[in-house]
>>> print(open('coords-v2.json').read())   # JSON, C-alpha atoms
[["chain", "number", "residue", "atom", "x", "y", "z"],
["I", 1, "ASP", "CA", -0.17, 11.15, -1.26],
["I", 2, "GLY", "CA", -2.55, 8.24, -1.61],
["I", 3, "GLY", "CA", -5.48, 9.67, -3.53],
["I", 4, "ILE", "CA", -5.67, 13.08, -1.87],
["I", 5, "THR", "CA", -5.28, 16.10, -4.11],
["I", 6, "GLN", "CA", -4.64, 19.59, -2.86],
["I", 7, "SER", "CA", -4.44, 22.40, -5.31],
["I", 8, "PRO", "CA", -2.67, 24.58, -5.96],
["I", 9, "LYS", "CA", 0.70, 23.70, -4.40],
["I", 10, "TYR", "CA", 1.60, 27.38, -4.00],
["I", 11, "LEU", "CA", -0.88, 30.21, -3.62],
["I", 12, "PHE", "CA", -0.28, 33.92, -3.34],
["I", 13, "ARG", "CA", -2.88, 36.45, -2.26],
["I", 14, "LYS", "CA", -3.09, 40.05, -1.23],
["I", 15, "GLU", "CA", -4.14, 40.90, 2.29],
["I", 16, "GLY", "CA", -7.88, 41.40, 2.64],
["I", 17, "GLN", "CA", -8.83, 38.80, 0.06],
["I", 18, "ASN", "CA", -10.60, 35.55, 0.82],
["I", 19, "VAL", "CA", -9.01, 32.46, -0.69],
["I", 20, "THR", "CA", -10.30, 28.89, -1.01],
["I", 21, "LEU", "CA", -8.01, 25.89, -0.80],
["I", 22, "SER", "CA", -9.12, 22.71, -2.50],
["I", 23, "CYS", "CA", -8.98, 19.19, -1.07],
["I", 24, "GLU", "CA", -10.31, 16.21, -3.01],
["I", 25, "GLN", "CA", -10.02, 12.52, -2.11],
["I", 26, "ASN", "CA", -10.83, 9.28, -3.89],
["I", 27, "LEU", "CA", -10.13, 6.99, -0.93],
["I", 28, "ASN", "CA", -13.81, 6.82, 0.05],
["I", 29, "HIS", "CA", -12.88, 7.89, 3.58],
["I", 30, "ASP", "CA", -15.60, 9.39, 5.71],
["I", 31, "ALA", "CA", -13.55, 11.82, 7.78],
["I", 32, "MET", "CA", -11.58, 14.78, 6.46],
["I", 33, "TYR", "CA", -9.40, 17.30, 8.27],
["I", 34, "TRP", "CA", -7.67, 20.61, 7.73],
["I", 35, "TYR", "CA", -4.44, 21.43, 9.54],
["I", 36, "ARG", "CA", -2.21, 24.45, 9.56],
["I", 37, "GLN", "CA", 1.57, 24.09, 9.90],
["I", 38, "ASP", "CA", 3.89, 26.99, 10.65],
["I", 39, "PRO", "CA", 7.67, 26.75, 10.24],
["I", 40, "GLY", "CA", 9.27, 24.50, 12.82],
["I", 41, "GLN", "CA", 5.97, 23.65, 14.43],
["I", 42, "GLY", "CA", 3.54, 20.80, 14.55],
["I", 43, "LEU", "CA", 0.12, 20.56, 12.98],
["I", 44, "ARG", "CA", -2.80, 22.49, 14.41],
["I", 45, "LEU", "CA", -6.34, 21.41, 13.64],
["I", 46, "ILE", "CA", -8.54, 23.98, 11.92],
["I", 47, "TYR", "CA", -11.73, 22.09, 11.07],
["I", 48, "TYR", "CA", -12.77, 18.50, 10.64],
["I", 49, "SER", "CA", -15.71, 16.62, 9.20],
["I", 50, "GLN", "CA", -16.70, 13.06, 10.01],
["I", 51, "ILE", "CA", -19.64, 12.90, 7.64],
["I", 52, "VAL", "CA", -21.13, 14.77, 4.71],
["I", 53, "ASN", "CA", -22.97, 17.98, 5.62],
["I", 54, "ASP", "CA", -21.44, 18.06, 9.08],
["I", 55, "PHE", "CA", -18.22, 19.58, 10.40],
["I", 56, "GLN", "CA", -16.70, 20.73, 13.68],
["I", 57, "LYS", "CA", -14.29, 23.45, 14.69],
["I", 58, "GLY", "CA", -10.80, 22.46, 15.60],
["I", 59, "ASP", "CA", -8.40, 24.32, 17.84],
["I", 60, "ILE", "CA", -7.80, 27.32, 15.56],
["I", 61, "ALA", "CA", -11.00, 27.77, 13.54],
["I", 62, "GLU", "CA", -11.22, 31.56, 13.80],
["I", 63, "GLY", "CA", -10.88, 33.22, 10.41],
["I", 64, "TYR", "CA", -11.54, 30.01, 8.48],
["I", 65, "SER", "CA", -14.64, 28.35, 7.04],
["I", 66, "VAL", "CA", -15.35, 24.99, 5.43],
["I", 67, "SER", "CA", -18.09, 23.06, 3.70],
["I", 68, "ARG", "CA", -18.68, 19.35, 3.17],
["I", 69, "GLU", "CA", -21.30, 18.98, 0.47],
["I", 70, "LYS", "CA", -19.73, 15.87, -1.01],
["I", 71, "LYS", "CA", -17.82, 13.00, 0.55],
["I", 72, "GLU", "CA", -14.92, 13.57, -1.81],
["I", 73, "SER", "CA", -14.44, 17.27, -1.19],
["I", 74, "PHE", "CA", -13.65, 19.46, 1.82],
["I", 75, "PRO", "CA", -12.66, 22.98, 0.71],
["I", 76, "LEU", "CA", -11.19, 25.45, 3.18],
["I", 77, "THR", "CA", -11.72, 29.19, 2.87],
["I", 78, "VAL", "CA", -9.20, 31.45, 4.50],
["I", 79, "THR", "CA", -11.06, 34.68, 5.13],
["I", 80, "SER", "CA", -9.74, 38.19, 5.53],
["I", 81, "ALA", "CA", -10.50, 37.84, 9.25],
["I", 82, "GLN", "CA", -7.61, 35.43, 9.66],
["I", 83, "LYS", "CA", -4.89, 37.66, 11.07],
["I", 84, "ASN", "CA", -1.86, 35.64, 10.02],
["I", 85, "PRO", "CA", -2.87, 33.40, 7.11],
["I", 86, "THR", "CA", 0.57, 32.70, 5.65],
["I", 87, "ALA", "CA", 1.26, 29.02, 6.38],
["I", 88, "PHE", "CA", 1.40, 25.50, 4.98],
["I", 89, "TYR", "CA", -2.08, 23.95, 4.88],
["I", 90, "LEU", "CA", -2.56, 20.22, 5.00],
["I", 91, "CYS", "CA", -5.68, 18.23, 4.28],
["I", 92, "ALA", "CA", -6.08, 14.71, 5.62],
["I", 93, "THR", "CA", -8.57, 11.88, 5.49],
["I", 94, "GLU", "CA", -9.28, 8.97, 7.78],
["I", 95, "LYS", "CA", -11.13, 5.71, 7.39],
["I", 96, "GLN", "CA", -13.86, 5.10, 9.95],
["I", 97, "GLY", "CA", -12.52, 3.24, 12.97],
["I", 98, "ALA", "CA", -8.87, 3.78, 12.08],
["I", 99, "THR", "CA", -6.23, 5.99, 13.70],
["I", 100, "GLU", "CA", -4.10, 6.52, 10.62],
["I", 101, "GLN", "CA", -4.63, 9.77, 8.78],
["I", 102, "TYR", "CA", -3.67, 10.11, 5.14],
["I", 103, "PHE", "CA", -2.30, 13.50, 4.21],
["I", 104, "GLY", "CA", -2.34, 15.40, 0.97],
["I", 105, "PRO", "CA", 0.74, 17.17, -0.41],
["I", 106, "GLY", "CA", -0.26, 20.51, 1.12],
["I", 107, "THR", "CA", -0.79, 24.04, -0.14],
["I", 108, "ARG", "CA", 1.64, 26.76, 0.81],
["I", 109, "LEU", "CA", -0.28, 30.02, 1.13],
["I", 110, "THR", "CA", 1.51, 33.34, 1.16],
["I", 111, "VAL", "CA", -0.44, 36.50, 1.91],
["I", 112, "THR", "CA", 1.23, 39.85, 1.45],
["H", 1, "GLY", "CA", -5.22, 22.11, 27.61],
["H", 2, "GLU", "CA", -3.74, 18.85, 26.52],
["H", 3, "SER", "CA", -0.32, 18.88, 24.99],
["H", 4, "VAL", "CA", 2.12, 16.63, 23.25],
["H", 5, "GLY", "CA", 5.76, 17.59, 23.16],
["H", 6, "LEU", "CA", 9.06, 16.24, 21.98],
["H", 7, "HIS", "CA", 12.18, 16.33, 24.09],
["H", 8, "LEU", "CA", 14.62, 17.46, 21.43],
["H", 9, "PRO", "CA", 13.84, 19.48, 18.30],
["H", 10, "THR", "CA", 16.79, 18.03, 16.38],
["H", 11, "LEU", "CA", 18.66, 14.73, 16.32],
["H", 12, "SER", "CA", 21.70, 13.85, 14.24],
["H", 13, "VAL", "CA", 22.86, 10.26, 13.86],
["H", 14, "GLN", "CA", 25.37, 8.34, 11.80],
["H", 15, "GLU", "CA", 24.07, 6.09, 9.05],
["H", 16, "GLY", "CA", 23.65, 2.58, 10.40],
["H", 17, "ASP", "CA", 23.19, 3.66, 14.01],
["H", 18, "ASN", "CA", 19.92, 3.34, 15.89],
["H", 19, "SER", "CA", 17.83, 6.46, 16.45],
["H", 20, "ILE", "CA", 15.59, 7.19, 19.41],
["H", 21, "ILE", "CA", 13.05, 9.99, 19.21],
["H", 22, "ASN", "CA", 11.21, 10.87, 22.39],
["H", 23, "CYS", "CA", 7.82, 12.39, 23.11],
["H", 24, "ALA", "CA", 6.03, 13.42, 26.30],
["H", 25, "TYR", "CA", 2.30, 13.83, 26.65],
["H", 26, "SER", "CA", -0.05, 15.20, 29.26],
["H", 27, "ASN", "CA", -3.42, 13.58, 28.53],
["H", 28, "SER", "CA", -3.91, 10.49, 30.69],
["H", 29, "ALA", "CA", -7.06, 9.67, 28.75],
["H", 30, "SER", "CA", -5.33, 9.23, 25.39],
["H", 31, "ASP", "CA", -6.47, 6.09, 23.59],
["H", 32, "TYR", "CA", -3.81, 5.93, 20.92],
["H", 33, "PHE", "CA", -0.43, 7.39, 20.18],
["H", 34, "ILE", "CA", 0.72, 7.72, 16.60],
["H", 35, "TRP", "CA", 4.03, 8.50, 14.94],
["H", 36, "TYR", "CA", 4.25, 10.31, 11.61],
["H", 37, "LYS", "CA", 7.18, 11.09, 9.31],
["H", 38, "GLN", "CA", 7.21, 14.28, 7.24],
["H", 39, "GLU", "CA", 9.71, 14.80, 4.46],
["H", 40, "SER", "CA", 10.51, 18.30, 3.34],
["H", 41, "GLY", "CA", 7.64, 19.98, 1.49],
["H", 42, "LYS", "CA", 5.32, 17.00, 1.81],
["H", 43, "GLY", "CA", 2.44, 15.90, 3.98],
["H", 44, "PRO", "CA", 3.08, 13.63, 6.98],
["H", 45, "GLN", "CA", 3.06, 9.87, 6.50],
["H", 46, "PHE", "CA", 1.88, 7.35, 9.09],
["H", 47, "ILE", "CA", 4.62, 5.18, 10.58],
["H", 48, "ILE", "CA", 3.12, 3.25, 13.47],
["H", 49, "ASP", "CA", 0.59, 3.57, 16.26],
["H", 50, "ILE", "CA", 0.22, 2.09, 19.70],
["H", 51, "ARG", "CA", -2.87, 1.63, 21.79],
["H", 52, "SER", "CA", -2.70, 3.03, 25.30],
["H", 53, "ASN", "CA", -3.06, -0.41, 26.89],
["H", 54, "MET", "CA", 0.15, -1.62, 25.23],
["H", 55, "ASP", "CA", 3.77, -1.03, 26.23],
["H", 56, "LYS", "CA", 5.51, -1.87, 23.01],
["H", 57, "ARG", "CA", 4.78, -2.33, 19.36],
["H", 58, "GLN", "CA", 7.14, -3.25, 16.55],
["H", 59, "GLY", "CA", 6.99, -2.52, 12.87],
["H", 60, "GLN", "CA", 9.46, -2.73, 10.06],
["H", 61, "ARG", "CA", 12.73, -1.32, 11.53],
["H", 62, "VAL", "CA", 10.72, 0.72, 14.02],
["H", 63, "THR", "CA", 9.66, 0.11, 17.61],
["H", 64, "VAL", "CA", 7.44, 2.31, 19.72],
["H", 65, "LEU", "CA", 7.64, 2.15, 23.50],
["H", 66, "LEU", "CA", 4.99, 3.61, 25.77],
["H", 67, "ASN", "CA", 5.56, 4.38, 29.44],
["H", 68, "LYS", "CA", 2.27, 5.49, 30.93],
["H", 69, "THR", "CA", 3.76, 6.00, 34.38],
["H", 70, "VAL", "CA", 5.84, 8.93, 33.21],
["H", 71, "LYS", "CA", 3.66, 9.76, 30.16],
["H", 72, "HIS", "CA", 6.42, 9.18, 27.70],
["H", 73, "LEU", "CA", 6.73, 7.41, 24.40],
["H", 74, "SER", "CA", 9.61, 6.84, 22.07],
["H", 75, "LEU", "CA", 10.18, 5.82, 18.48],
["H", 76, "GLN", "CA", 13.23, 3.69, 17.85],
["H", 77, "ILE", "CA", 14.53, 3.36, 14.30],
["H", 78, "ALA", "CA", 16.98, 0.55, 13.73],
["H", 79, "ALA", "CA", 19.92, 0.86, 11.34],
["H", 80, "THR", "CA", 19.04, 4.42, 10.38],
["H", 81, "GLN", "CA", 19.34, 5.20, 6.68],
["H", 82, "PRO", "CA", 19.66, 8.51, 4.78],
["H", 83, "GLY", "CA", 16.05, 8.08, 3.65],
["H", 84, "ASP", "CA", 14.99, 8.30, 7.29],
["H", 85, "SER", "CA", 16.00, 11.96, 7.38],
["H", 86, "ALA", "CA", 12.77, 13.85, 8.04],
["H", 87, "VAL", "CA", 10.69, 15.50, 10.74],
["H", 88, "TYR", "CA", 9.01, 13.03, 13.09],
["H", 89, "PHE", "CA", 5.81, 13.89, 14.92],
["H", 90, "CYS", "CA", 4.06, 12.11, 17.71],
["H", 91, "ALA", "CA", 0.32, 12.56, 18.06],
["H", 92, "GLU", "CA", -2.26, 11.44, 20.57],
["H", 93, "ARG", "CA", -5.90, 10.50, 20.11],
["H", 94, "SER", "CA", -8.44, 10.56, 22.89],
["H", 95, "GLY", "CA", -12.15, 10.02, 23.25],
["H", 96, "ASP", "CA", -13.23, 12.83, 20.93],
["H", 97, "ALA", "CA", -13.21, 10.74, 17.80],
["H", 98, "GLY", "CA", -11.20, 12.16, 14.99],
["H", 99, "LYS", "CA", -9.13, 14.70, 16.85],
["H", 100, "SER", "CA", -5.42, 14.12, 17.02],
["H", 101, "THR", "CA", -3.11, 16.45, 18.90],
["H", 102, "PHE", "CA", 0.35, 16.76, 17.34],
["H", 103, "GLY", "CA", 3.67, 17.60, 18.95],
["H", 104, "ASP", "CA", 6.11, 20.07, 17.40],
["H", 105, "GLY", "CA", 8.34, 17.50, 15.73],
["H", 106, "THR", "CA", 11.93, 16.30, 15.88],
["H", 107, "THR", "CA", 14.13, 16.80, 12.83],
["H", 108, "LEU", "CA", 16.24, 13.70, 12.26],
["H", 109, "THR", "CA", 19.38, 14.11, 10.16],
["H", 110, "VAL", "CA", 21.27, 11.02, 9.09],
["H", 111, "LYS", "CA", 24.94, 11.57, 8.31],
["H", 112, "PRO", "CA", 26.57, 9.30, 5.73]]
>>> encode(input="coords-v2.json", output="structure tokens")
Amino acid sequence: DGGITQSPKYLFRKEGQNVTLSCEQNLNHDAMYWYRQDPGQGLRLIYYSQIVNDFQKGDIAEGYSVSREKKESFPLTVTSAQKNPTAFYLCATEKQGATEQYFGPGTRLTVT
Amino acid sequence: GESVGLHLPTLSVQEGDNSIINCAYSNSASDYFIWYKQESGKGPQFIIDIRSNMDKRQGQRVTVLLNKTVKHLSLQIAATQPGDSAVYFCAERSGDAGKSTFGDGTTLTVKP
């Protein structure tokens, strides 16, 4: 997992509640990403940030929010507006100028 | 929109045989293509990438071939081992720095 921490590994929430997923890195990478993975499917980009205090929407940003106040941290909030939040969430980092993304171990979120 | 897809969702091979995992893409402007390996319950791990102006690139026991004419790339794994059992994703990167588009993945099962 190369210096990327996602906590917790499993998270359970009731419908209608906001929940924040943590992603911390000590790789000193500038860029950070949040992906969602549903069973049997690939990764879909939620949000990404290439520099502190700046971030961009990915392909499925609706119902999610992020912040990037520190280089090391890129928390993702799954809001009650996200219609189908149950999924496996992956955080990744990338060194500037590289193509390789380093992924964290993921957080499996279950909303009932 | 742009898409990246794999030809077969599952592939089963005998230990010691060579494996070939295929991927088709639609974006002619892709700059890089990347292969990732994801073991069960973990985040993806970078295997190899290839720049769009190359046809072939070799790594340790892996070779990636790129055919831009038919927009197809493949990952060849030599002498497949049980530890190679995983889901393999291809991804493409284009001019919008930082955004990778992932395919749905091929599950490789290695039989002893």
>>> atom_distance(input="coords-v2.json", atom1="CA of Asp59 in chain I", atom2="CA of Ile46 in chain I")
5.9 Å
>>> closest_atom_pairs(input="coords-v2.json", of="range 67-109 of chain H", to="range 15-35 of chain H", cutoff="6 Å", atoms="only C-alpha atoms", output="JSON lines")
{"residue": "H:Lys71", "atom": "CA", "partner": "H:Tyr25", "partner_atom": "CA", "distance": 5.5}
{"residue": "H:His72", "atom": "CA", "partner": "H:Ala24", "partner_atom": "CA", "distance": 4.5}
{"residue": "H:Leu73", "atom": "CA", "partner": "H:Cys23", "partner_atom": "CA", "distance": 5.3}
{"residue": "H:Ser74", "atom": "CA", "partner": "H:Asn22", "partner_atom": "CA", "distance": 4.3}
{"residue": "H:Leu75", "atom": "CA", "partner": "H:Ile21", "partner_atom": "CA", "distance": 5.1}
{"residue": "H:Gln76", "atom": "CA", "partner": "H:Ile20", "partner_atom": "CA", "distance": 4.5}
{"residue": "H:Ile77", "atom": "CA", "partner": "H:Ser19", "partner_atom": "CA", "distance": 5.0}
{"residue": "H:Ala78", "atom": "CA", "partner": "H:Asn18", "partner_atom": "CA", "distance": 4.6}
{"residue": "H:Ala79", "atom": "CA", "partner": "H:Gly16", "partner_atom": "CA", "distance": 4.2}
{"residue": "H:Thr80", "atom": "CA", "partner": "H:Gly16", "partner_atom": "CA", "distance": 5.0}
{"residue": "H:Gln81", "atom": "CA", "partner": "H:Glu15", "partner_atom": "CA", "distance": 5.4}
{"residue": "H:Phe89", "atom": "CA", "partner": "H:Trp35", "partner_atom": "CA", "distance": 5.7}
{"residue": "H:Cys90", "atom": "CA", "partner": "H:Trp35", "partner_atom": "CA", "distance": 4.6}
{"residue": "H:Ala91", "atom": "CA", "partner": "H:Ile34", "partner_atom": "CA", "distance": 5.1}
{"residue": "H:Glu92", "atom": "CA", "partner": "H:Phe33", "partner_atom": "CA", "distance": 4.5}
{"residue": "H:Arg93", "atom": "CA", "partner": "H:Tyr32", "partner_atom": "CA", "distance": 5.1}
{"residue": "H:Ser94", "atom": "CA", "partner": "H:Ser30", "partner_atom": "CA", "distance": 4.2}
>>> write_last_selection(input="coords-v2.json", atoms="C-alpha atoms", output="PDB file, in the coordinates of the input")
ATOM      1  CA  LYS H  71       3.660   9.760  30.160  1.00  0.00           C
ATOM      2  CA  HIS H  72       6.420   9.180  27.700  1.00  0.00           C
ATOM      3  CA  LEU H  73       6.730   7.410  24.400  1.00  0.00           C
ATOM      4  CA  SER H  74       9.610   6.840  22.070  1.00  0.00           C
ATOM      5  CA  LEU H  75      10.180   5.820  18.480  1.00  0.00           C
ATOM      6  CA  GLN H  76      13.230   3.690  17.850  1.00  0.00           C
ATOM      7  CA  ILE H  77      14.530   3.360  14.300  1.00  0.00           C
ATOM      8  CA  ALA H  78      16.980   0.550  13.730  1.00  0.00           C
ATOM      9  CA  ALA H  79      19.920   0.860  11.340  1.00  0.00           C
ATOM     10  CA  THR H  80      19.040   4.420  10.380  1.00  0.00           C
ATOM     11  CA  GLN H  81      19.340   5.200   6.680  1.00  0.00           C
ATOM     12  CA  PHE H  89       5.810  13.890  14.920  1.00  0.00           C
ATOM     13  CA  CYS H  90       4.060  12.110  17.710  1.00  0.00           C
ATOM     14  CA  ALA H  91       0.320  12.560  18.060  1.00  0.00           C
ATOM     15  CA  GLU H  92      -2.260  11.440  20.570  1.00  0.00           C
ATOM     16  CA  ARG H  93      -5.900  10.500  20.110  1.00  0.00           C
ATOM     17  CA  SER H  94      -8.440  10.560  22.890  1.00  0.00           C
TER      18      SER H  94
END
>>> residues_around(input="coords-v2.json", residues="range 43-49 of chain H", least_positions_apart="4", cutoff="8 Å", atoms="all atoms listed in the file", output="PDB file with C-alpha atoms, in the coordinates of the input")
ATOM      1  CA  ASP I   1      -0.170  11.150  -1.260  1.00  0.00           C
ATOM      2  CA  LEU I  90      -2.560  20.220   5.000  1.00  0.00           C
ATOM      3  CA  THR I  99      -6.230   5.990  13.700  1.00  0.00           C
ATOM      4  CA  GLU I 100      -4.100   6.520  10.620  1.00  0.00           C
ATOM      5  CA  GLN I 101      -4.630   9.770   8.780  1.00  0.00           C
ATOM      6  CA  TYR I 102      -3.670  10.110   5.140  1.00  0.00           C
ATOM      7  CA  PHE I 103      -2.300  13.500   4.210  1.00  0.00           C
ATOM      8  CA  GLY I 104      -2.340  15.400   0.970  1.00  0.00           C
ATOM      9  CA  PRO I 105       0.740  17.170  -0.410  1.00  0.00           C
ATOM     10  CA  GLY I 106      -0.260  20.510   1.120  1.00  0.00           C
TER      11      GLY I 106
ATOM     12  CA  TYR H  32      -3.810   5.930  20.920  1.00  0.00           C
ATOM     13  CA  PHE H  33      -0.430   7.390  20.180  1.00  0.00           C
ATOM     14  CA  ILE H  34       0.720   7.720  16.600  1.00  0.00           C
ATOM     15  CA  TRP H  35       4.030   8.500  14.940  1.00  0.00           C
ATOM     16  CA  TYR H  36       4.250  10.310  11.610  1.00  0.00           C
ATOM     17  CA  LYS H  37       7.180  11.090   9.310  1.00  0.00           C
ATOM     18  CA  GLN H  38       7.210  14.280   7.240  1.00  0.00           C
ATOM     19  CA  GLU H  39       9.710  14.800   4.460  1.00  0.00           C
ATOM     20  CA  ARG H  57       4.780  -2.330  19.360  1.00  0.00           C
ATOM     21  CA  GLY H  59       6.990  -2.520  12.870  1.00  0.00           C
ATOM     22  CA  VAL H  64       7.440   2.310  19.720  1.00  0.00           C
TER      23      VAL H  64
END
>>> interface_residues(input="coords-v2.json", of="chain I", to="chain H", cutoff="12 Å", atoms="only C-alpha atoms", output="ChimeraX atom specification")
/I:1-2,4-6,9-10,30-51,55-59,88-108
>>> atom_distance(input="coords-v2.json", atom1="CA of Glu24 in chain I", atom2="CA of Ser73 in chain I")
4.6 Å
>>> atom_distance(input="coords-v2.json", atom1="CA of Ala61 in chain I", atom2="CA of Pro85 in chain I")
11.8 Å
